[in-house]
>>> print(open('final.pdb').read())   # PDB, C-alpha atoms
ATOM      1  CA  MET A   1     160.390  44.627  30.538
ATOM      2  CA  THR A   2     162.013  42.804  27.649
ATOM      3  CA  SER A   3     165.075  43.146  25.479
ATOM      4  CA  SER A   4     162.908  43.811  22.420
ATOM      5  CA  LYS A   5     162.054  47.178  23.896
ATOM      6  CA  ALA A   6     165.714  48.152  24.099
ATOM      7  CA  LYS A   7     166.347  47.077  20.523
ATOM      8  CA  GLY A   8     163.460  49.139  19.280
ATOM      9  CA  MET A   9     164.686  52.378  20.828
ATOM     10  CA  GLY A  10     168.139  52.764  19.329
ATOM     11  CA  GLY A  11     170.279  51.848  22.339
ATOM     12  CA  PHE A  12     172.182  54.307  24.513
ATOM     13  CA  GLU A  13     172.407  56.939  21.808
ATOM     14  CA  ASP A  14     168.676  57.455  22.328
ATOM     15  CA  ALA A  15     169.272  57.601  26.079
ATOM     16  CA  ARG A  16     171.747  60.421  25.522
ATOM     17  CA  HIS A  17     169.285  62.395  23.394
ATOM     18  CA  SER A  18     166.437  61.814  25.830
ATOM     19  CA  ALA A  19     168.492  63.217  28.718
ATOM     20  CA  GLU A  20     170.728  65.860  27.182
ATOM     21  CA  SER A  21     168.223  68.669  27.766
ATOM     22  CA  LEU A  22     167.738  67.913  31.471
ATOM     23  CA  ASN A  23     168.009  71.070  33.534
ATOM     24  CA  ALA A  24     166.382  69.899  36.778
ATOM     25  CA  ARG A  25     168.249  70.886  39.935
ATOM     26  CA  THR A  26     167.118  67.925  42.018
ATOM     27  CA  TYR A  27     167.939  64.299  41.333
ATOM     28  CA  GLY A  28     164.334  63.137  41.704
ATOM     29  CA  ALA A  29     163.026  65.620  39.148
ATOM     30  CA  ALA A  30     165.830  64.844  36.703
ATOM     31  CA  LEU A  31     165.309  61.077  36.953
ATOM     32  CA  LEU A  32     161.555  61.375  36.444
ATOM     33  CA  ALA A  33     162.002  63.697  33.457
ATOM     34  CA  ALA A  34     164.386  61.210  31.850
ATOM     35  CA  ALA A  35     162.077  58.277  32.596
ATOM     36  CA  MET A  36     159.149  60.042  30.966
ATOM     37  CA  LYS A  37     161.165  60.075  27.733
ATOM     38  CA  ASP A  38     162.684  56.584  27.980
ATOM     39  CA  GLU A  39     160.519  53.655  29.072
ATOM     40  CA  ARG A  40     163.577  51.462  29.702
ATOM     41  CA  ILE A  41     164.379  53.390  32.892
ATOM     42  CA  VAL A  42     163.248  51.572  36.035
ATOM     43  CA  CYS A  43     163.672  52.657  39.644
ATOM     44  CA  LEU A  44     164.620  50.335  42.503
ATOM     45  CA  GLY A  45     164.746  51.254  46.182
ATOM     46  CA  ALA A  46     165.640  49.703  49.530
ATOM     47  CA  ASP A  47     162.869  51.214  51.649
ATOM     48  CA  LEU A  48     164.441  54.697  51.456
ATOM     49  CA  THR A  49     162.086  56.301  48.944
ATOM     50  CA  LYS A  50     161.931  59.785  50.449
ATOM     51  CA  PRO A  51     165.637  60.161  51.359
ATOM     52  CA  THR A  52     166.657  59.061  47.847
ATOM     53  CA  GLN A  53     164.280  61.535  46.152
ATOM     54  CA  THR A  54     162.326  58.836  44.328
ATOM     55  CA  VAL A  55     158.829  59.656  45.647
ATOM     56  CA  ALA A  56     157.841  61.479  42.452
ATOM     57  CA  PHE A  57     158.968  58.527  40.318
ATOM     58  CA  ARG A  58     156.953  56.130  42.501
ATOM     59  CA  ASP A  59     153.819  58.244  42.226
ATOM     60  CA  ALA A  60     154.071  59.005  38.507
ATOM     61  CA  LEU A  61     155.322  55.631  37.243
ATOM     62  CA  PRO A  62     154.317  53.018  39.832
ATOM     63  CA  GLU A  63     154.587  50.145  37.343
ATOM     64  CA  ARG A  64     158.314  50.920  36.922
ATOM     65  CA  PHE A  65     159.050  51.488  40.620
ATOM     66  CA  PHE A  66     160.215  48.558  42.767
ATOM     67  CA  ASN A  67     160.615  48.887  46.544
ATOM     68  CA  MET A  68     162.735  45.863  47.416
ATOM     69  CA  GLY A  69     162.695  46.469  51.166
ATOM     70  CA  ILE A  70     165.829  46.590  53.310
ATOM     71  CA  GLN A  71     167.657  43.992  51.229
ATOM     72  CA  GLU A  72     170.191  45.806  49.125
ATOM     73  CA  ALA A  73     171.963  42.656  47.937
ATOM     74  CA  ASN A  74     168.752  41.329  46.421
ATOM     75  CA  MET A  75     168.071  44.746  44.886
ATOM     76  CA  VAL A  76     171.437  44.823  43.121
ATOM     77  CA  GLY A  77     170.960  41.267  41.857
ATOM     78  CA  ALA A  78     167.507  42.145  40.537
ATOM     79  CA  ALA A  79     168.923  45.262  38.863
ATOM     80  CA  GLY A  80     171.479  43.101  37.091
ATOM     81  CA  GLY A  81     168.722  40.828  35.808
ATOM     82  CA  MET A  82     166.645  43.777  34.629
ATOM     83  CA  ALA A  83     169.640  45.208  32.783
ATOM     84  CA  ARG A  84     170.129  41.877  30.985
ATOM     85  CA  SER A  85     166.474  42.123  29.895
ATOM     86  CA  GLY A  86     166.918  45.531  28.289
ATOM     87  CA  ASP A  87     166.063  47.908  31.133
ATOM     88  CA  ILE A  88     168.212  50.723  32.508
ATOM     89  CA  PRO A  89     167.893  50.188  36.273
ATOM     90  CA  PHE A  90     168.612  52.907  38.829
ATOM     91  CA  ALA A  91     169.148  51.291  42.243
ATOM     92  CA  HIS A  92     169.003  53.570  45.304
ATOM     93  CA  SER A  93     170.135  53.504  48.919
ATOM     94  CA  PHE A  94     172.519  55.342  51.223
ATOM     95  CA  CYS A  95     176.110  55.420  49.957
ATOM     96  CA  VAL A  96     177.445  53.050  52.592
ATOM     97  CA  PHE A  97     174.739  50.451  51.887
ATOM     98  CA  ILE A  98     174.814  50.532  48.071
ATOM     99  CA  THR A  99     178.590  49.943  48.073
ATOM    100  CA  ARG A 100     180.146  48.301  51.138
ATOM    101  CA  ARG A 101     177.156  46.225  52.233
ATOM    102  CA  VAL A 102     176.635  44.687  48.762
ATOM    103  CA  TYR A 103     180.153  44.818  47.368
ATOM    104  CA  ASP A 104     180.241  41.233  46.126
ATOM    105  CA  GLN A 105     176.885  41.570  44.361
ATOM    106  CA  VAL A 106     178.032  44.817  42.724
ATOM    107  CA  ALA A 107     181.286  43.189  41.622
ATOM    108  CA  MET A 108     179.855  39.926  40.288
ATOM    109  CA  GLN A 109     176.395  40.929  39.035
ATOM    110  CA  VAL A 110     177.029  44.464  37.780
ATOM    111  CA  ALA A 111     180.687  45.347  37.214
ATOM    112  CA  TYR A 112     182.005  42.000  35.929
ATOM    113  CA  PRO A 113     179.286  41.603  33.245
ATOM    114  CA  ASN A 114     179.589  45.369  32.528
ATOM    115  CA  LEU A 115     175.847  45.994  32.755
ATOM    116  CA  PRO A 116     174.169  49.430  32.557
ATOM    117  CA  VAL A 117     173.083  49.412  36.197
ATOM    118  CA  LYS A 118     173.207  52.842  37.849
ATOM    119  CA  LEU A 119     173.940  52.678  41.589
ATOM    120  CA  VAL A 120     172.828  55.873  43.304
ATOM    121  CA  GLY A 121     173.964  56.515  46.868
ATOM    122  CA  PHE A 122     173.011  59.377  49.170
ATOM    123  CA  ILE A 123     174.633  60.925  52.300
ATOM    124  CA  PRO A 124     178.325  60.598  51.347
ATOM    125  CA  GLY A 125     181.144  60.751  53.894
ATOM    126  CA  VAL A 126     180.272  62.452  57.152
ATOM    127  CA  SER A 127     177.155  64.137  55.729
ATOM    128  CA  THR A 128     174.914  62.525  58.344
ATOM    129  CA  GLU A 129     174.348  62.766  62.072
ATOM    130  CA  LEU A 130     173.798  58.991  62.288
ATOM    131  CA  GLY A 131     177.434  58.143  62.968
ATOM    132  CA  VAL A 132     179.791  55.410  61.809
ATOM    133  CA  SER A 133     177.166  52.887  60.632
ATOM    134  CA  HIS A 134     175.851  55.361  58.034
ATOM    135  CA  GLN A 135     179.051  57.209  57.096
ATOM    136  CA  ALA A 136     180.426  56.212  53.707
ATOM    137  CA  ILE A 137     184.104  57.110  54.012
ATOM    138  CA  ASP A 138     185.435  54.283  51.828
ATOM    139  CA  ASP A 139     182.816  53.998  49.064
ATOM    140  CA  ILE A 140     184.834  55.824  46.401
ATOM    141  CA  ALA A 141     187.807  53.567  47.094
ATOM    142  CA  LEU A 142     185.635  50.461  46.778
ATOM    143  CA  MET A 143     183.993  51.553  43.529
ATOM    144  CA  ARG A 144     187.230  52.879  41.995
ATOM    145  CA  ALA A 145     188.773  49.448  42.468
ATOM    146  CA  LEU A 146     186.124  47.721  40.333
ATOM    147  CA  PRO A 147     186.899  47.352  36.612
ATOM    148  CA  ASN A 148     184.216  48.860  34.323
ATOM    149  CA  MET A 149     182.773  51.022  37.136
ATOM    150  CA  VAL A 150     182.390  54.774  36.581
ATOM    151  CA  VAL A 151     182.412  56.953  39.719
ATOM    152  CA  ILE A 152     180.805  60.413  39.812
ATOM    153  CA  GLU A 153     180.077  62.969  42.538
ATOM    154  CA  PRO A 154     178.404  66.211  41.372
ATOM    155  CA  SER A 155     179.174  69.459  43.149
ATOM    156  CA  GLY A 156     175.532  70.228  43.866
ATOM    157  CA  PRO A 157     172.098  70.892  42.342
ATOM    158  CA  GLU A 158     173.654  72.988  39.582
ATOM    159  CA  GLN A 159     175.302  69.865  38.120
ATOM    160  CA  VAL A 160     172.619  67.229  38.667
ATOM    161  CA  GLY A 161     170.963  67.512  35.256
ATOM    162  CA  SER A 162     174.161  67.314  33.220
ATOM    163  CA  VAL A 163     175.465  64.455  35.369
ATOM    164  CA  LEU A 164     172.305  62.408  34.925
ATOM    165  CA  ALA A 165     172.447  62.951  31.170
ATOM    166  CA  ALA A 166     175.998  61.573  31.132
ATOM    167  CA  VAL A 167     175.033  58.652  33.367
ATOM    168  CA  LEU A 168     172.243  57.693  30.970
ATOM    169  CA  ALA A 169     174.484  58.017  27.933
ATOM    170  CA  HIS A 170     177.071  55.645  29.399
ATOM    171  CA  ASP A 171     176.451  52.027  28.405
ATOM    172  CA  GLY A 172     177.894  50.495  31.554
ATOM    173  CA  PRO A 173     177.762  50.552  35.360
ATOM    174  CA  VAL A 174     177.925  53.837  37.245
ATOM    175  CA  TYR A 175     178.202  54.727  40.919
ATOM    176  CA  LEU A 176     176.626  58.140  41.512
ATOM    177  CA  ARG A 177     177.456  59.694  44.892
ATOM    178  CA  MET A 178     174.799  62.243  45.892
ATOM    179  CA  ALA A 179     174.258  64.689  48.740
ATOM    180  CA  LEU A 180     170.821  65.049  50.268
ATOM    181  CA  CYS A 181     168.923  68.126  49.112
ATOM    182  CA  GLU A 182     168.001  69.689  52.451
ATOM    183  CA  ALA A 183     166.544  72.914  51.016
ATOM    184  CA  PRO A 184     165.181  74.124  47.669
ATOM    185  CA  PRO A 185     168.114  74.646  45.284
ATOM    186  CA  ASP A 186     169.241  78.174  44.494
ATOM    187  CA  GLU A 187     167.954  78.943  41.003
ATOM    188  CA  ASN A 188     170.407  81.839  40.687
ATOM    189  CA  ILE A 189     173.442  79.539  40.552
ATOM    190  CA  PRO A 190     174.257  78.869  36.887
ATOM    191  CA  LEU A 191     173.845  75.292  35.705
ATOM    192  CA  GLN A 192     177.197  73.536  35.394
ATOM    193  CA  PRO A 193     178.172  71.180  32.569
ATOM    194  CA  PHE A 194     179.567  67.695  33.053
ATOM    195  CA  ALA A 195     181.415  65.237  30.832
ATOM    196  CA  LEU A 196     182.880  61.874  31.787
ATOM    197  CA  GLY A 197     186.635  62.107  32.238
ATOM    198  CA  ARG A 198     186.651  65.907  32.355
ATOM    199  CA  GLY A 199     187.087  68.335  35.249
ATOM    200  CA  ASN A 200     185.542  71.811  35.362
ATOM    201  CA  VAL A 201     187.823  74.759  36.129
ATOM    202  CA  LEU A 202     185.689  77.083  38.244
ATOM    203  CA  ARG A 203     188.399  79.633  39.003
ATOM    204  CA  GLN A 204     191.767  80.169  37.369
ATOM    205  CA  GLY A 205     194.791  81.016  39.528
ATOM    206  CA  ARG A 206     198.539  80.629  39.420
ATOM    207  CA  ASP A 207     199.921  79.525  42.819
ATOM    208  CA  ILE A 208     197.997  76.438  43.931
ATOM    209  CA  ALA A 209     195.422  74.182  42.250
ATOM    210  CA  ILE A 210     192.646  72.771  44.444
ATOM    211  CA  PHE A 211     190.740  69.720  43.172
ATOM    212  CA  ALA A 212     187.450  69.173  45.006
ATOM    213  CA  ILE A 213     184.345  67.008  44.713
ATOM    214  CA  GLY A 214     180.777  67.112  45.989
ATOM    215  CA  GLU A 215     180.034  69.258  49.007
ATOM    216  CA  MET A 216     183.726  70.046  49.370
ATOM    217  CA  VAL A 217     183.588  72.224  46.240
ATOM    218  CA  ASN A 218     181.827  74.946  48.243
ATOM    219  CA  GLU A 219     184.340  74.606  51.084
ATOM    220  CA  ALA A 220     187.149  74.917  48.537
ATOM    221  CA  LYS A 221     185.516  78.036  47.059
ATOM    222  CA  ARG A 222     185.532  79.669  50.480
ATOM    223  CA  ALA A 223     189.119  78.550  50.994
ATOM    224  CA  ALA A 224     190.104  80.156  47.681
ATOM    225  CA  ASP A 225     188.511  83.417  48.875
ATOM    226  CA  ILE A 226     190.498  83.233  52.124
ATOM    227  CA  LEU A 227     193.715  82.640  50.178
ATOM    228  CA  ALA A 228     192.929  85.521  47.833
ATOM    229  CA  GLU A 229     192.825  87.876  50.814
ATOM    230  CA  LEU A 230     196.377  86.730  51.562
ATOM    231  CA  GLU A 231     197.380  87.411  47.940
ATOM    232  CA  ILE A 232     197.583  83.688  47.139
ATOM    233  CA  SER A 233     196.021  82.868  43.780
ATOM    234  CA  ALA A 234     194.179  79.526  43.656
ATOM    235  CA  THR A 235     192.819  77.554  40.735
ATOM    236  CA  LEU A 236     189.648  75.698  41.748
ATOM    237  CA  ILE A 237     188.630  72.554  39.866
ATOM    238  CA  ASN A 238     185.411  70.581  40.309
ATOM    239  CA  MET A 239     186.512  66.982  39.636
ATOM    240  CA  ALA A 240     183.048  65.392  39.579
ATOM    241  CA  SER A 241     184.301  62.633  37.271
ATOM    242  CA  ILE A 242     186.442  60.682  39.722
ATOM    243  CA  LYS A 243     186.720  57.641  37.466
ATOM    244  CA  PRO A 244     187.567  58.140  34.673
ATOM    245  CA  LEU A 245     189.809  60.955  35.903
ATOM    246  CA  ASP A 246     190.849  63.933  33.812
ATOM    247  CA  ARG A 247     194.534  62.991  33.743
ATOM    248  CA  GLU A 248     195.403  65.727  31.256
ATOM    249  CA  LEU A 249     193.984  68.438  33.497
ATOM    250  CA  VAL A 250     195.692  66.996  36.589
ATOM    251  CA  LEU A 251     199.096  66.935  34.912
ATOM    252  CA  HIS A 252     198.670  70.400  33.436
ATOM    253  CA  ALA A 253     197.828  71.777  36.887
ATOM    254  CA  ALA A 254     200.779  69.969  38.462
ATOM    255  CA  LYS A 255     203.157  71.451  35.902
ATOM    256  CA  THR A 256     201.824  75.018  36.062
ATOM    257  CA  HIS A 257     201.219  75.513  39.810
ATOM    258  CA  ARG A 258     203.544  75.474  42.788
ATOM    259  CA  ALA A 259     201.326  73.030  44.689
ATOM    260  CA  ILE A 260     198.333  70.700  44.340
ATOM    261  CA  LEU A 261     195.687  70.137  47.017
ATOM    262  CA  THR A 262     192.674  67.795  46.950
ATOM    263  CA  ALA A 263     189.514  68.074  49.069
ATOM    264  CA  GLU A 264     186.957  65.314  49.537
ATOM    265  CA  ASN A 265     184.338  64.125  52.015
ATOM    266  CA  HIS A 266     185.942  60.666  52.064
ATOM    267  CA  SER A 267     188.978  58.901  53.433
ATOM    268  CA  VAL A 268     192.303  60.109  52.072
ATOM    269  CA  ILE A 269     192.964  56.434  51.288
ATOM    270  CA  GLY A 270     191.681  55.385  47.885
ATOM    271  CA  GLY A 271     189.618  58.439  47.002
ATOM    272  CA  LEU A 272     190.078  61.544  44.878
ATOM    273  CA  GLY A 273     193.378  62.480  46.510
ATOM    274  CA  ALA A 274     194.808  59.036  45.872
ATOM    275  CA  ALA A 275     193.683  59.137  42.231
ATOM    276  CA  VAL A 276     195.302  62.535  41.675
ATOM    277  CA  ALA A 277     198.487  61.508  43.515
ATOM    278  CA  GLU A 278     198.786  58.314  41.463
ATOM    279  CA  THR A 279     198.413  60.274  38.236
ATOM    280  CA  ILE A 280     201.116  62.780  39.184
ATOM    281  CA  ALA A 281     203.538  60.159  40.510
ATOM    282  CA  LEU A 282     203.189  57.810  37.553
ATOM    283  CA  ALA A 283     203.875  60.690  35.163
ATOM    284  CA  GLY A 284     207.052  61.563  37.065
ATOM    285  CA  VAL A 285     205.914  65.128  37.779
ATOM    286  CA  SER A 286     207.415  66.800  40.829
ATOM    287  CA  THR A 287     205.171  69.124  42.824
ATOM    288  CA  ARG A 288     204.142  69.837  46.405
ATOM    289  CA  PHE A 289     201.005  67.878  47.217
ATOM    290  CA  GLY A 290     198.425  67.649  49.990
ATOM    291  CA  MET A 291     195.099  65.914  50.714
ATOM    292  CA  ILE A 292     192.109  67.123  52.722
ATOM    293  CA  GLY A 293     189.782  64.324  53.836
ATOM    294  CA  ILE A 294     189.117  61.804  56.600
ATOM    295  CA  GLN A 295     192.550  60.848  57.943
ATOM    296  CA  ASP A 296     192.130  57.063  58.256
ATOM    297  CA  VAL A 297     189.791  57.217  61.263
ATOM    298  CA  PHE A 298     186.155  56.440  61.949
ATOM    299  CA  ALA A 299     184.264  59.683  62.528
ATOM    300  CA  GLU A 300     181.584  60.333  65.115
ATOM    301  CA  GLY A 301     178.011  61.537  64.684
ATOM    302  CA  GLY A 302     177.304  65.240  64.411
ATOM    303  CA  SER A 303     176.371  68.024  62.041
ATOM    304  CA  LEU A 304     178.334  68.375  58.825
ATOM    305  CA  THR A 305     179.673  71.768  59.897
ATOM    306  CA  PHE A 306     180.881  70.368  63.230
ATOM    307  CA  LEU A 307     182.490  67.296  61.673
ATOM    308  CA  LEU A 308     184.258  69.230  58.909
ATOM    309  CA  LYS A 309     185.881  71.389  61.586
ATOM    310  CA  LYS A 310     186.697  68.467  63.898
ATOM    311  CA  TYR A 311     188.332  66.394  61.161
ATOM    312  CA  GLY A 312     190.227  69.220  59.475
ATOM    313  CA  MET A 313     188.087  69.549  56.353
ATOM    314  CA  SER A 314     186.578  73.043  56.602
ATOM    315  CA  ALA A 315     187.379  75.996  54.356
ATOM    316  CA  ASN A 316     189.775  77.326  56.980
ATOM    317  CA  HIS A 317     191.629  74.008  57.070
ATOM    318  CA  ILE A 318     191.861  73.879  53.282
ATOM    319  CA  ALA A 319     193.250  77.418  53.211
ATOM    320  CA  ALA A 320     195.709  76.664  55.995
ATOM    321  CA  GLN A 321     197.067  73.567  54.269
ATOM    322  CA  GLY A 322     197.341  75.524  51.039
ATOM    323  CA  ARG A 323     199.477  78.118  52.794
ATOM    324  CA  ASP A 324     201.642  75.373  54.319
ATOM    325  CA  LEU A 325     202.228  73.776  50.933
ATOM    326  CA  LEU A 326     203.368  77.116  49.579
ATOM    327  CA  GLY A 327     205.630  77.749  52.571
ATOM    328  CA  GLN A 328     203.478  80.598  53.843
ATOM    329  CA  GLY A 329     201.929  78.946  56.854
TER     330      GLY A 329
END
>>> encode(input="final.pdb", output="structure tokens")
Amino acid sequence: MTSSKAKGMGGFEDARHSAESLNARTYGAALLAAAMKDERIVCLGADLTKPTQTVAFRDALPERFFNMGIQEANMVGAAGGMARSGDIPFAHSFCVFITRRVYDQVAMQVAYPNLPVKLVGFIPGVSTELGVSHQAIDDIALMRALPNMVVIEPSGPEQVGSVLAAVLAHDGPVYLRMALCEAPPDENIPLQPFALGRGNVLRQGRDIAIFAIGEMVNEAKRAADILAELEISATLINMASIKPLDRELVLHAAKTHRAILTAENHSVIGGLGAAVAETIALAGVSTRFGMIGIQDVFAEGGSLTFLLKKYGMSANHIAAQGRDLLGQG
């Protein structure tokens, strides 16, 4: 792969056009579809081909697929070199390994030179039964702290295509936080748009605004239904663009609702809740505020359903904290 190829294709504007029509509901299908249209896209893995949904890419485009083995630091360094040569590298691993394990390589070889390397992590937060070693509860905080780094977590299969299109259109580093696709996606759920720096209002209410990301969007939806039965009206916002954050939407919600609540499968330190809280505080807006997430502890292994209940992150917990914030607990 050489830089002459990149020059001949019109840069990242061509990447945007090649990806804007993506409507795949799985990451693997979306990445392969984009790669078929743009030969600059290369795929790197750390011996986790099946869990990172890159089997189809490997089989269809073996000359652009690189299994680096269990050596994530080397993979990130190689991705940086490929990006300097005109490629658009997508580097894959589990969330905890593509961020914390290789943080210095990401900082010095990707973020600092502002290269178009796309870091794709799977099994965010407590979405694994493998316990502490595989639970990424600080990855958003780490990536948010890096200058030039964009941080995204789609709500589910319905947003994968639009997210990947935006990732490709962005001429810079991106950390994409993905949930494993355990079952075929529901084709009846409408596809959801995505734009960097913009949140999606999924439900409009008047009493409390709930900002959620990733798998917690569905928990927040159920929480909003519970609150509705109690005659509490909730606005639900999918904040898939964590960095850059939709500051305008955050401040509008803070000024027009009695309370703000965030929900994330991540530590409450440094994640979505912290980003929203910083935005509100720096603007001098006064509102009642709460955060649902991992409360500064290491979690144990177990099913996602079990762990969400144990660590106070289920729909019932979100609804209960919403009631408390409104003085109706």
>>> resolve_selection(input="final.pdb", expression="the PyMOL selection byres ((chain A and resi 255) around 12)", output="JSON list (two decimals) with C-alpha atoms, keeping the file's coordinate frame")
[["chain", "number", "residue", "atom", "x", "y", "z"],
["A", 206, "ARG", "CA", 198.54, 80.63, 39.42],
["A", 207, "ASP", "CA", 199.92, 79.53, 42.82],
["A", 208, "ILE", "CA", 198.00, 76.44, 43.93],
["A", 209, "ALA", "CA", 195.42, 74.18, 42.25],
["A", 248, "GLU", "CA", 195.40, 65.73, 31.26],
["A", 249, "LEU", "CA", 193.98, 68.44, 33.50],
["A", 250, "VAL", "CA", 195.69, 67.00, 36.59],
["A", 251, "LEU", "CA", 199.10, 66.94, 34.91],
["A", 252, "HIS", "CA", 198.67, 70.40, 33.44],
["A", 253, "ALA", "CA", 197.83, 71.78, 36.89],
["A", 254, "ALA", "CA", 200.78, 69.97, 38.46],
["A", 256, "THR", "CA", 201.82, 75.02, 36.06],
["A", 257, "HIS", "CA", 201.22, 75.51, 39.81],
["A", 258, "ARG", "CA", 203.54, 75.47, 42.79],
["A", 259, "ALA", "CA", 201.33, 73.03, 44.69],
["A", 260, "ILE", "CA", 198.33, 70.70, 44.34],
["A", 280, "ILE", "CA", 201.12, 62.78, 39.18],
["A", 283, "ALA", "CA", 203.88, 60.69, 35.16],
["A", 284, "GLY", "CA", 207.05, 61.56, 37.06],
["A", 285, "VAL", "CA", 205.91, 65.13, 37.78],
["A", 286, "SER", "CA", 207.42, 66.80, 40.83],
["A", 287, "THR", "CA", 205.17, 69.12, 42.82],
["A", 288, "ARG", "CA", 204.14, 69.84, 46.40]]
>>> closest_residue(input="final.pdb", among="A:Pro89, A:Gly80, A:Gly125, A:Pro190", to="Val297 in chain A", atoms="all atoms listed in the file")
A:Gly125
>>> resolve_selection(input="final.pdb", expression="the PyMOL selection byres ((chain A and resi 301) around 12)", output="mmCIF file with C-alpha atoms, in the coordinates of the input")
data_model
loop_
_atom_site.group_PDB
_atom_site.id
_atom_site.type_symbol
_atom_site.label_atom_id
_atom_site.label_comp_id
_atom_site.auth_asym_id
_atom_site.auth_seq_id
_atom_site.Cartn_x
_atom_site.Cartn_y
_atom_site.Cartn_z
ATOM 1 C CA GLY A 125 181.144 60.751 53.894
ATOM 2 C CA VAL A 126 180.272 62.452 57.152
ATOM 3 C CA SER A 127 177.155 64.137 55.729
ATOM 4 C CA THR A 128 174.914 62.525 58.344
ATOM 5 C CA GLU A 129 174.348 62.766 62.072
ATOM 6 C CA LEU A 130 173.798 58.991 62.288
ATOM 7 C CA GLY A 131 177.434 58.143 62.968
ATOM 8 C CA VAL A 132 179.791 55.410 61.809
ATOM 9 C CA SER A 133 177.166 52.887 60.632
ATOM 10 C CA HIS A 134 175.851 55.361 58.034
ATOM 11 C CA GLN A 135 179.051 57.209 57.096
ATOM 12 C CA PHE A 298 186.155 56.440 61.949
ATOM 13 C CA ALA A 299 184.264 59.683 62.528
ATOM 14 C CA GLU A 300 181.584 60.333 65.115
ATOM 15 C CA GLY A 302 177.304 65.240 64.411
ATOM 16 C CA SER A 303 176.371 68.024 62.041
ATOM 17 C CA LEU A 304 178.334 68.375 58.825
ATOM 18 C CA THR A 305 179.673 71.768 59.897
ATOM 19 C CA PHE A 306 180.881 70.368 63.230
ATOM 20 C CA LEU A 307 182.490 67.296 61.673
ATOM 21 C CA LEU A 308 184.258 69.230 58.909
ATOM 22 C CA LYS A 310 186.697 68.467 63.898
ATOM 23 C CA TYR A 311 188.332 66.394 61.161
#
>>> atom_distance(input="final.pdb", atom1="CA of Ala29 in chain A", atom2="CA of Ile152 in chain A")
18.5 Å
>>> residues_around(input="final.pdb", residues="range 103-105 of chain A", least_positions_apart="3", cutoff="9 Å", atoms="only C-alpha atoms", output="PyMOL selection string")
chain A and resi 73-74+76-77+98-100+108-111+142-143
